[in-house]
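Written out below as structure tokens is the structure these notes cover.
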Amino acid sequence: MRLRFATVADAEDLRRIYNHEVQNTTATFDIESRSLEAQRGWIAERQGALGVLVAEVEGRVVGFASLSPYRNRAGYRTTVENSVYVSEDARGLGVGRALMNELIDMAAKRGFHSIIAHIVDGHEASMALHRACGFELVGTEREVGRKFGSWLDAVIMQRMLP
């Protein structure tokens, strides 16, 4: 497995992985698939202090992880929110763990103090990954999202950085 920074040339691969989750799962609260142009813009917005990492296996992008602003007010600047998505056919291979560990290291080196994860309640694989990487449950937001005709709770997990 090779981890590297994403470029806009990776947009179609990231879009393929992400849109599968949009269309088929509650792993994201997005309900509309992302266009190629929007995916390119999303990657470009995160270059610099934030960042997007991709995981490749045999030259094929099988997952990605990113840091995003937690809130837009200046006082929140040292806290970021993370996302990790792994292609359905690469789950169970350690891709998520490798991406998460690299993302945490990257966030610490870039001077961030805290990482927040919002995970749909019941998404046990994501919660287990976050726990294994040092995140702790800090709360639950009740019925804050709606997808596939159901109300969804969001579990909040947090990792403090050195």
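Within each chain, counting starts at residue 1; across the structure tokens, chains are named A, B, ... in the order shown, with ligands numbered 1 upward in that order.
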
For range 48-53 of chain A: contacts at 12 Å, only C-alpha atoms, fewer than 3 positions along chain excluded, given as a PyMOL selection string: chain A and resi 2-8+10-11+14+39-40+42-45+56+61-70+77-86+95-96+98-112+115

Could you tell me, as a VMD selection string, which residues of range 16-143 of chain A DSSP assigns to strand (DSSP E) when given the backbone? chain A and resid 52 to 57 60 to 69 79 to 86 114 to 120 136 to 143

I'd like the neighbourhood of His130 in chain A as a ChimeraX atom specification, where a residue qualifies if any of its atoms comes within 10 Å (using only C-alpha atoms), though same-chain residues fewer than 5 positions away should be ignored. /A:84,96-97,100-101,117,119,124-125,135-137,157-159

Prev. selection, C-alpha atoms, output as a PDB file, in the first residue's frame:
ATOM      1  CA  VAL A  84     -11.989   8.601   5.825  1.00  0.00           C
ATOM      2  CA  GLY A  96      -8.556   2.940   6.790  1.00  0.00           C
ATOM      3  CA  ARG A  97      -6.098   2.437   9.657  1.00  0.00           C
ATOM      4  CA  MET A 100      -6.044   7.513   9.704  1.00  0.00           C
ATOM      5  CA  ASN A 101      -2.611   7.101  11.307  1.00  0.00           C
ATOM      6  CA  ALA A 117     -15.116  13.065  13.762  1.00  0.00           C
ATOM      7  CA  ILE A 119     -19.993   9.516  12.464  1.00  0.00           C
ATOM      8  CA  GLU A 124     -19.610   0.437  13.908  1.00  0.00           C
ATOM      9  CA  ALA A 125     -16.644  -0.014  11.554  1.00  0.00           C
ATOM     10  CA  PHE A 135     -10.452   8.926  19.448  1.00  0.00           C
ATOM     11  CA  GLU A 136     -12.903   9.070  22.334  1.00  0.00           C
ATOM     12  CA  LEU A 137     -16.677   9.400  22.242  1.00  0.00           C
ATOM     13  CA  MET A 157     -15.537  11.450  18.557  1.00  0.00           C
ATOM     14  CA  GLN A 158     -12.439  13.490  19.342  1.00  0.00           C
ATOM     15  CA  ARG A 159      -8.687  12.995  19.438  1.00  0.00           C
TER      16      ARG A 159
END

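Distances here use only C-alpha atoms; by that measure, the residue among A:Met1, A:Leu93, A:Val57, A:Ala154 closest to Thr28 in chain A is A:Ala154.
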
Expected answer as a PDB file with N, CA and C atoms, in the first residue's frame: alpha helix (DSSP H) residues in range 22-144 of chain A:
ATOM      1  N   VAL A  22     -22.496   8.033  -0.961  1.00  0.00           N
ATOM      2  CA  VAL A  22     -23.636   8.947  -1.066  1.00  0.00           C
ATOM      3  C   VAL A  22     -24.881   8.179  -1.510  1.00  0.00           C
ATOM      4  N   GLN A  23     -24.730   7.350  -2.510  1.00  0.00           N
ATOM      5  CA  GLN A  23     -25.871   6.670  -3.120  1.00  0.00           C
ATOM      6  C   GLN A  23     -26.370   5.454  -2.345  1.00  0.00           C
ATOM      7  N   ASN A  24     -25.481   4.836  -1.557  1.00  0.00           N
ATOM      8  CA  ASN A  24     -25.825   3.539  -0.976  1.00  0.00           C
ATOM      9  C   ASN A  24     -25.777   3.430   0.534  1.00  0.00           C
ATOM     10  N   LEU A  36     -17.612  15.782 -11.070  1.00  0.00           N
ATOM     11  CA  LEU A  36     -16.158  15.789 -11.208  1.00  0.00           C
ATOM     12  C   LEU A  36     -15.596  17.178 -10.907  1.00  0.00           C
ATOM     13  N   GLU A  37     -16.261  18.203 -11.402  1.00  0.00           N
ATOM     14  CA  GLU A  37     -15.812  19.578 -11.141  1.00  0.00           C
ATOM     15  C   GLU A  37     -15.854  19.893  -9.642  1.00  0.00           C
ATOM     16  N   ALA A  38     -16.915  19.495  -8.971  1.00  0.00           N
ATOM     17  CA  ALA A  38     -17.024  19.742  -7.531  1.00  0.00           C
ATOM     18  C   ALA A  38     -15.950  18.966  -6.768  1.00  0.00           C
ATOM     19  N   GLN A  39     -15.650  17.744  -7.217  1.00  0.00           N
ATOM     20  CA  GLN A  39     -14.615  16.945  -6.541  1.00  0.00           C
ATOM     21  C   GLN A  39     -13.248  17.598  -6.709  1.00  0.00           C
ATOM     22  N   ARG A  40     -12.975  18.114  -7.885  1.00  0.00           N
ATOM     23  CA  ARG A  40     -11.709  18.822  -8.105  1.00  0.00           C
ATOM     24  C   ARG A  40     -11.607  20.038  -7.179  1.00  0.00           C
ATOM     25  N   GLY A  41     -12.692  20.791  -7.075  1.00  0.00           N
ATOM     26  CA  GLY A  41     -12.721  21.960  -6.192  1.00  0.00           C
ATOM     27  C   GLY A  41     -12.524  21.585  -4.741  1.00  0.00           C
ATOM     28  N   TRP A  42     -13.125  20.470  -4.323  1.00  0.00           N
ATOM     29  CA  TRP A  42     -13.001  19.988  -2.946  1.00  0.00           C
ATOM     30  C   TRP A  42     -11.542  19.678  -2.628  1.00  0.00           C
ATOM     31  N   ILE A  43     -10.856  19.016  -3.542  1.00  0.00           N
ATOM     32  CA  ILE A  43      -9.431  18.696  -3.341  1.00  0.00           C
ATOM     33  C   ILE A  43      -8.619  19.986  -3.277  1.00  0.00           C
ATOM     34  N   ALA A  44      -8.865  20.890  -4.205  1.00  0.00           N
ATOM     35  CA  ALA A  44      -8.104  22.147  -4.263  1.00  0.00           C
ATOM     36  C   ALA A  44      -8.280  22.971  -2.987  1.00  0.00           C
ATOM     37  N   GLU A  45      -9.487  22.984  -2.429  1.00  0.00           N
ATOM     38  CA  GLU A  45      -9.761  23.737  -1.195  1.00  0.00           C
ATOM     39  C   GLU A  45      -8.963  23.216  -0.004  1.00  0.00           C
ATOM     40  N   VAL A  95      -6.525  -0.376   5.084  1.00  0.00           N
ATOM     41  CA  VAL A  95      -6.441   0.903   4.377  1.00  0.00           C
ATOM     42  C   VAL A  95      -6.894   2.047   5.271  1.00  0.00           C
ATOM     43  N   GLY A  96      -8.032   1.886   5.921  1.00  0.00           N
ATOM     44  CA  GLY A  96      -8.556   2.940   6.790  1.00  0.00           C
ATOM     45  C   GLY A  96      -7.604   3.258   7.919  1.00  0.00           C
ATOM     46  N   ARG A  97      -7.033   2.241   8.544  1.00  0.00           N
ATOM     47  CA  ARG A  97      -6.098   2.437   9.657  1.00  0.00           C
ATOM     48  C   ARG A  97      -4.840   3.156   9.176  1.00  0.00           C
ATOM     49  N   ALA A  98      -4.306   2.752   8.035  1.00  0.00           N
ATOM     50  CA  ALA A  98      -3.103   3.403   7.503  1.00  0.00           C
ATOM     51  C   ALA A  98      -3.374   4.868   7.189  1.00  0.00           C
ATOM     52  N   LEU A  99      -4.503   5.146   6.549  1.00  0.00           N
ATOM     53  CA  LEU A  99      -4.860   6.528   6.228  1.00  0.00           C
ATOM     54  C   LEU A  99      -5.046   7.350   7.500  1.00  0.00           C
ATOM     55  N   MET A 100      -5.757   6.782   8.469  1.00  0.00           N
ATOM     56  CA  MET A 100      -6.044   7.513   9.704  1.00  0.00           C
ATOM     57  C   MET A 100      -4.762   7.826  10.465  1.00  0.00           C
ATOM     58  N   ASN A 101      -3.866   6.858  10.595  1.00  0.00           N
ATOM     59  CA  ASN A 101      -2.611   7.101  11.307  1.00  0.00           C
ATOM     60  C   ASN A 101      -1.791   8.195  10.629  1.00  0.00           C
ATOM     61  N   GLU A 102      -1.732   8.167   9.320  1.00  0.00           N
ATOM     62  CA  GLU A 102      -0.987   9.199   8.583  1.00  0.00           C
ATOM     63  C   GLU A 102      -1.669  10.559   8.722  1.00  0.00           C
ATOM     64  N   LEU A 103      -2.989  10.577   8.702  1.00  0.00           N
ATOM     65  CA  LEU A 103      -3.741  11.827   8.841  1.00  0.00           C
ATOM     66  C   LEU A 103      -3.511  12.452  10.221  1.00  0.00           C
ATOM     67  N   ILE A 104      -3.521  11.633  11.257  1.00  0.00           N
ATOM     68  CA  ILE A 104      -3.278  12.115  12.617  1.00  0.00           C
ATOM     69  C   ILE A 104      -1.874  12.697  12.728  1.00  0.00           C
ATOM     70  N   ASP A 105      -0.894  11.989  12.193  1.00  0.00           N
ATOM     71  CA  ASP A 105       0.490  12.474  12.209  1.00  0.00           C
ATOM     72  C   ASP A 105       0.606  13.797  11.451  1.00  0.00           C
ATOM     73  N   MET A 106      -0.037  13.870  10.309  1.00  0.00           N
ATOM     74  CA  MET A 106      -0.011  15.093   9.504  1.00  0.00           C
ATOM     75  C   MET A 106      -0.637  16.263  10.267  1.00  0.00           C
ATOM     76  N   ALA A 107      -1.780  16.020  10.910  1.00  0.00           N
ATOM     77  CA  ALA A 107      -2.459  17.083  11.664  1.00  0.00           C
ATOM     78  C   ALA A 107      -1.580  17.589  12.805  1.00  0.00           C
ATOM     79  N   ALA A 108      -0.922  16.674  13.510  1.00  0.00           N
ATOM     80  CA  ALA A 108      -0.046  17.068  14.622  1.00  0.00           C
ATOM     81  C   ALA A 108       1.130  17.900  14.112  1.00  0.00           C
ATOM     82  N   LYS A 109       1.756  17.461  13.026  1.00  0.00           N
ATOM     83  CA  LYS A 109       2.901  18.185  12.462  1.00  0.00           C
ATOM     84  C   LYS A 109       2.512  19.565  11.952  1.00  0.00           C
ATOM     85  N   GLU A 124     -20.546   1.048  12.966  1.00  0.00           N
ATOM     86  CA  GLU A 124     -19.610   0.437  13.908  1.00  0.00           C
ATOM     87  C   GLU A 124     -18.188   0.358  13.381  1.00  0.00           C
ATOM     88  N   ALA A 125     -18.005   0.097  12.093  1.00  0.00           N
ATOM     89  CA  ALA A 125     -16.644  -0.014  11.554  1.00  0.00           C
ATOM     90  C   ALA A 125     -15.904   1.314  11.686  1.00  0.00           C
ATOM     91  N   SER A 126     -16.569   2.403  11.381  1.00  0.00           N
ATOM     92  CA  SER A 126     -15.930   3.712  11.493  1.00  0.00           C
ATOM     93  C   SER A 126     -15.653   4.061  12.950  1.00  0.00           C
ATOM     94  N   MET A 127     -16.592   3.770  13.821  1.00  0.00           N
ATOM     95  CA  MET A 127     -16.388   4.050  15.241  1.00  0.00           C
ATOM     96  C   MET A 127     -15.231   3.215  15.793  1.00  0.00           C
ATOM     97  N   ALA A 128     -15.136   1.957  15.391  1.00  0.00           N
ATOM     98  CA  ALA A 128     -14.049   1.090  15.848  1.00  0.00           C
ATOM     99  C   ALA A 128     -12.708   1.595  15.335  1.00  0.00           C
ATOM    100  N   LEU A 129     -12.656   2.031  14.085  1.00  0.00           N
ATOM    101  CA  LEU A 129     -11.420   2.588  13.530  1.00  0.00           C
ATOM    102  C   LEU A 129     -10.978   3.805  14.330  1.00  0.00           C
ATOM    103  N   HIS A 130     -11.902   4.701  14.594  1.00  0.00           N
ATOM    104  CA  HIS A 130     -11.569   5.908  15.348  1.00  0.00           C
ATOM    105  C   HIS A 130     -11.110   5.565  16.775  1.00  0.00           C
ATOM    106  N   ARG A 131     -11.799   4.642  17.440  1.00  0.00           N
ATOM    107  CA  ARG A 131     -11.375   4.222  18.783  1.00  0.00           C
ATOM    108  C   ARG A 131      -9.963   3.647  18.745  1.00  0.00           C
ATOM    109  N   ALA A 132      -9.689   2.795  17.761  1.00  0.00           N
ATOM    110  CA  ALA A 132      -8.370   2.172  17.638  1.00  0.00           C
ATOM    111  C   ALA A 132      -7.267   3.200  17.390  1.00  0.00           C
TER     112      ALA A 132
END

With only C-alpha atoms as the counted atoms, please give the residues lying no more than 10 Å from Glu32 in chain A, apart from itself and same-chain residues fewer than 2 positions off, as a ChimeraX atom specification. /A:19,22-23,29-30,34-35

Pick from A:Gly149, A:Arg15, A:Arg60, A:Thr140: nearest to Asp89 in chain A, with only C-alpha atoms counted?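 For Asp89 in chain A, the nearest of the given residues is A:Arg60.
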
I'd like to know which of A:Pro162, A:Arg71, A:Ala90, A:Lys147 is closest to His113 in chain A, using only C-alpha atoms.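 Ranked by minimum distance to His113 in chain A, first place goes to A:Pro162.
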